[in-house]
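Down below is the structure, laid out as structure tokens.
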Amino acid sequence: MSQTQTLYAAYAEKIDAVLSALEMEGTLPPETNRANVSVEPPRDPSHGDLATNAAMVLAKQAKTNPRALAEQIVEHLKRDPLITSAEIAGPGFINLRLAPQSWVEELLAIAEKGDDYGRSAIGTGTTVNVEYVSANPTGPMHMGHCRGAVVGDALASLLEHAGHDVIREYYVNDAGGQVDTLARSAHLRYREALGEDIGDIPEGMYPGEYLVPVGKAAAEEFGDRFVSEPEEEWLPIFRSFAVERMMAMIKSDLAMLGIEHDVFASEAALQAAQKPEAAEAWLREHDLVYDGVLEKPKGKTVDDWEPVELPLFRSTKFGDDQDRSIRKSDGKWTYFGADLAYHMQKAEKADALIDIWGADHAGTVKRIKAAVAALSEGQGEPIPFDVKLVQMVQLLRGGEPVKMSKRSGNFVTIADMVEEVGKDVVRFTMLTRKPEAQMDFDFAKVVEASKDNPVFYVQYAHARVCSTLRKAKAEGLSPSSEHLDTLGEDERTLIKQAAQFPREVEAAARAREPHRIAFYLYDLAAAFHAYYNLGNDDAQKRIIVAQNPEISGARLFLGQQIGQVIRNGLGILGVEAVEEL
RNA sequence: GCGCCCGUAGCUCAGUCGGAUAGAGCAUCGGAUUCCUAAUCCGGGGGCCACAGGUUCGAAUCCUGUCGGGCGCACCA
């Protein structure tokens, strides 16, 4: 049994050992396929602490009926002193009850591991690159980026807790045409800063006020040197000048959400290093890129469409609707052309890649997956690559949609939102929904009705633990593991809930679904609130029991560990575990 | 027209590798506070898991089709 093994994993191993014994005895055929055997807590707690479907799944292979096989398994399990009962139920489930001692031990394990309780080793030895946000460096972060940012960040720390090495990466699209637009817009604000009346911002330029300080900074830096120079003189300079400032702004927006990336990868640098050229050469060699003409797009009218010959990647070979161009007609790289080279660059330093994208990019998933599969397979090992799509967030205020228009520069920024409702609310709310479902985010609801807001509910549970400990300390009591045998059924219910945490982390990490942690924490908080309230009806059931330091010590110890688990879970989500509300 | 995502209580959503009587919150109705924080707790009512087939010991979950909502569909990113 390894140090980091969960209680559930330990019992899965015990059952596995029983199955092996049955194979030896001849009850089960050798090398039985056990892939579908599960060991998990039953949904209905009255069924016991653990349930396994082993008999039902294996009956066919054993050429017997589930109940008969179950009896054989039960026979073996009953020999374990920590298993107080093993019963056959329903179609052939085996329900186990564990000795109170098992749960006391789990409680001690939480105390011993502390901040590390819930960490797992399932990911040890593999590095995962999580690319998220990657907003264009042309303006501040707005709501469209927020959900992906939070989900990506929570996923990254979830994977860390599962034992992976994680690279948090941001792809800076500093090479495309939109950066030229940014540079021109910044130049306009630069002239404005030098006293020129620039009038209305022309169509096609970025009108946002956030460029005003960039113009001023440019004026200070360059004086009037570039006012009347031809564009080709100043464009590259303004491009990098503006991108640098945009990225500084974005980083500060991300910091407000508690997000910090390890790597900012520049598309321009990638192109300067001729990575796309290398990828193209390899793909051409393997007949995966050819020169061809695409058909006119259907279902959408394109006014200036005309047939052009372009270098095309054969993504249709991988299930895409049509082949995709990797260069534009002017010879420059398309986003896709650079992006496939970028993914190969990421693959050099990681064993698995995950991209977090907005749902509006769903149409490009097939081509990039195809390209990465082809390239990575051709250049050695195929690399596991997952694209997680995060659906749109509809912003509401009191049920009414908040109007946003990027063109007018009128949109809700992340900075606005964090200032209004706070980082913890934003993060937790974004994580209490599975990412592939659309969600509404109502400002009014999220701040005003704090009682129906799960983040406060969870934080309150933690704060209650802390306040109880403070109160105890004032009364000269302290948590103690001396008399944990005084803990009863009410306490065990709570411990069982807490004991699921490591299992939940592993499951969430495997599924790459950080939102499960949020829901788990809600359930744990509910269990704690329920436990706490028992003391309202019966003073003997309080955590601090007058004149009884032994029970109080044990219950305080329990409370302390529940607080620890909540803290660890909130830590994964990047939400603060406050000590008082 | 095609592709991807979603459809579970009046509303917002969970639902573990397919598992036992489908769960929470809000809303609604009824209770708990001289007492460790009531931002909490306990209880009642509320369901054709969009619809129709299929797969199997077993389907909200997997497959096919239909309907409804969202997103996307040359060289933008």
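A note on labels: chains of the structure tokens are A, B, ... as shown, every chain counts residues from 1, and ligands are counted from 1 in their shown order.
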Shell around B:C4 at 8 Å using only C-alpha atoms (C1' of nucleotides), local window under 3 positions removed, as a ChimeraX atom specification: /A:362-363 /B:71-72
Go through stretch 238-387 of chain A and collect every residue that DSSP, computed from the backbone, puts in alpha helix (DSSP H); the answer should be as a ChimeraX atom specification. /A:238-256,267-272,275-285,335-347,365-378
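Of the residues under consideration (A:Glu203, A:Glu550, A:Glu400, A:Glu506), A:Glu506 shows the shortest atom-to-atom contact distance to A:Arg119 when counting only C-alpha atoms.
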Quick one: pull the distance between atom CA of A:Leu389 and atom CA of A:Pro297, Å, one decimal. 24.0 Å
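Using only C-alpha atoms (C1' of nucleotides), the smallest distance between any of B:U64, B:U55, B:U33, B:U28 and chain A comes from B:U33.
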Residues within 7 Å of A:Thr6, please, as an MDAnalysis selection string. Count only C-alpha atoms (C1' of nucleotides); anything in the same chain fewer than 4 positions from it doesn't count. chainID A and resid 10 502:503
Run DSSP on the backbone and give me the residues of stretch 222-456 of chain A it puts in strand (DSSP E or B), as a ChimeraX atom specification. /A:263-266,289-293,309-313,324-325,327,333,352-358,385-390,393-397,400-401,405,410,413,439-442
Would you list the contacts of stretch 63-70 of chain A as a VMD selection string, taking every protein, DNA or RNA residue within 7 Å and counting only C-alpha atoms (C1' of nucleotides), but skipping same-chain residues closer than 5 positions in sequence? chain A and resid 55 to 56 88 92 94
Could those residues be written to a file, using all heavy atoms, as an mmCIF file, in the first residue's frame?
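In the end it all went to out-v4.cif:
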```cif
data_model
loop_
_atom_site.group_PDB
_atom_site.id
_atom_site.type_symbol
_atom_site.label_atom_id
_atom_site.label_comp_id
_atom_site.auth_asym_id
_atom_site.auth_seq_id
_atom_site.Cartn_x
_atom_site.Cartn_y
_atom_site.Cartn_z
ATOM 1 N N ALA A 55 -19.361 -9.304 -8.767
ATOM 2 C CA ALA A 55 -20.066 -10.562 -9.046
ATOM 3 C C ALA A 55 -20.910 -10.460 -10.319
ATOM 4 O O ALA A 55 -20.959 -11.393 -11.121
ATOM 5 C CB ALA A 55 -20.944 -10.927 -7.858
ATOM 6 N N MET A 56 -21.544 -9.311 -10.501
ATOM 7 C CA MET A 56 -22.403 -9.152 -11.684
ATOM 8 C C MET A 56 -21.590 -9.103 -12.966
ATOM 9 O O MET A 56 -21.957 -9.658 -13.982
ATOM 10 C CB MET A 56 -23.224 -7.874 -11.553
ATOM 11 C CG MET A 56 -24.308 -7.987 -10.514
ATOM 12 S SD MET A 56 -25.315 -6.513 -10.468
ATOM 13 C CE MET A 56 -24.149 -5.361 -9.816
ATOM 14 N N ILE A 88 -24.957 -9.373 0.244
ATOM 15 C CA ILE A 88 -25.333 -9.393 -1.159
ATOM 16 C C ILE A 88 -26.692 -8.717 -1.292
ATOM 17 O O ILE A 88 -27.590 -8.958 -0.495
ATOM 18 C CB ILE A 88 -25.409 -10.830 -1.685
ATOM 19 C CG1 ILE A 88 -24.066 -11.518 -1.439
ATOM 20 C CG2 ILE A 88 -25.769 -10.844 -3.154
ATOM 21 C CD1 ILE A 88 -24.124 -13.015 -1.577
ATOM 22 N N GLY A 92 -26.982 -8.469 -7.332
ATOM 23 C CA GLY A 92 -25.691 -9.093 -7.079
ATOM 24 C C GLY A 92 -24.618 -8.134 -6.612
ATOM 25 O O GLY A 92 -23.428 -8.445 -6.629
ATOM 26 N N ILE A 94 -22.345 -6.339 -3.915
ATOM 27 C CA ILE A 94 -21.832 -6.710 -2.609
ATOM 28 C C ILE A 94 -21.612 -5.423 -1.838
ATOM 29 O O ILE A 94 -20.853 -4.547 -2.266
ATOM 30 C CB ILE A 94 -20.509 -7.493 -2.720
ATOM 31 C CG1 ILE A 94 -20.752 -8.771 -3.505
ATOM 32 C CG2 ILE A 94 -19.964 -7.796 -1.328
ATOM 33 C CD1 ILE A 94 -19.482 -9.478 -3.890
#
```
Near-A:Glu31 list (12 Å; only C-alpha atoms (C1' of nucleotides); drop same-chain fewer than 5 positions) as an NGL selection string: :A and (16 or 19-24 or 26 or 58 or 61-62)
Nearest to chain A, chosen from B:G70, B:G54, B:G10, B:G46, with only C-alpha atoms (C1' of nucleotides) counted in the distances: B:G70
Select residues of chain B: the criterion is any atom within 10 Å of an atom of chain A, counting only C-alpha atoms (C1' of nucleotides); output as a PyMOL selection string. chain B and resi 1-6+12-14+16-17+19-21+24-26+32-33+35-42+57-58+70-77
Excluding A:Ala156 and any residue of its chain fewer than 5 positions from it, enumerate the residues within 8 Å of it, using only C-alpha atoms (C1' of nucleotides), and give them as JSON, numbers by chain. {"A": [130, 166, 167, 168]}
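Distance annotation: of A:Val243, A:Leu375, A:Leu194, A:Ile73, the residue with the minimal separation from A:Val227 is A:Leu194; atom set is only C-alpha atoms.
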Neighbours of B:A52 within 12 Å (only C-alpha atoms (C1' of nucleotides); same-chain residues fewer than 3 positions away dropped), as a PDB file with N, CA, C and O atoms (P, O5', C5', C4', C3', O3' and C1' of nucleotides), in the first residue's frame?
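Contents of selection_35.pdb, as written:
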```pdb
ATOM      1  P     U B  64     -24.218   7.392 -33.482  1.00  0.00           P
ATOM      2  O5'   U B  64     -25.586   6.939 -34.162  1.00  0.00           O
ATOM      3  C5'   U B  64     -25.592   6.018 -35.239  1.00  0.00           C
ATOM      4  C4'   U B  64     -27.008   5.798 -35.711  1.00  0.00           C
ATOM      5  C3'   U B  64     -27.818   7.072 -35.934  1.00  0.00           C
ATOM      6  O3'   U B  64     -27.559   7.670 -37.194  1.00  0.00           O
ATOM      7  C1'   U B  64     -29.105   5.529 -34.691  1.00  0.00           C
ATOM      8  P     G B  65     -27.778   9.261 -37.345  1.00  0.00           P
ATOM      9  O5'   G B  65     -29.368   9.397 -37.337  1.00  0.00           O
ATOM     10  C5'   G B  65     -30.146   8.921 -38.431  1.00  0.00           C
ATOM     11  C4'   G B  65     -31.605   8.993 -38.090  1.00  0.00           C
ATOM     12  C3'   G B  65     -32.137  10.373 -37.757  1.00  0.00           C
ATOM     13  O3'   G B  65     -32.416  11.143 -38.916  1.00  0.00           O
ATOM     14  C1'   G B  65     -32.922   8.831 -36.155  1.00  0.00           C
ATOM     15  P     U B  66     -32.430  12.748 -38.800  1.00  0.00           P
ATOM     16  O5'   U B  66     -33.746  13.036 -37.964  1.00  0.00           O
ATOM     17  C5'   U B  66     -35.038  12.784 -38.529  1.00  0.00           C
ATOM     18  C4'   U B  66     -36.115  13.142 -37.525  1.00  0.00           C
ATOM     19  C3'   U B  66     -36.069  14.563 -36.994  1.00  0.00           C
ATOM     20  O3'   U B  66     -36.663  15.500 -37.880  1.00  0.00           O
ATOM     21  C1'   U B  66     -36.352  13.063 -35.194  1.00  0.00           C
ATOM     22  P     C B  67     -36.108  17.009 -37.895  1.00  0.00           P
ATOM     23  O5'   C B  67     -36.697  17.606 -36.541  1.00  0.00           O
ATOM     24  C5'   C B  67     -38.101  17.725 -36.349  1.00  0.00           C
ATOM     25  C4'   C B  67     -38.394  18.132 -34.923  1.00  0.00           C
ATOM     26  C3'   C B  67     -37.706  19.404 -34.444  1.00  0.00           C
ATOM     27  O3'   C B  67     -38.368  20.582 -34.870  1.00  0.00           O
ATOM     28  C1'   C B  67     -37.473  17.731 -32.800  1.00  0.00           C
TER      29        C B  67
END
```
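Considering only C-alpha atoms (C1' of nucleotides), the residue among B:U56, B:A22, B:C51, B:C63 positioned nearest to B:G7 is B:C51.
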What separates atom CA of A:Ala9 and atom CA of A:Ala509 is a distance of 15.5 Å
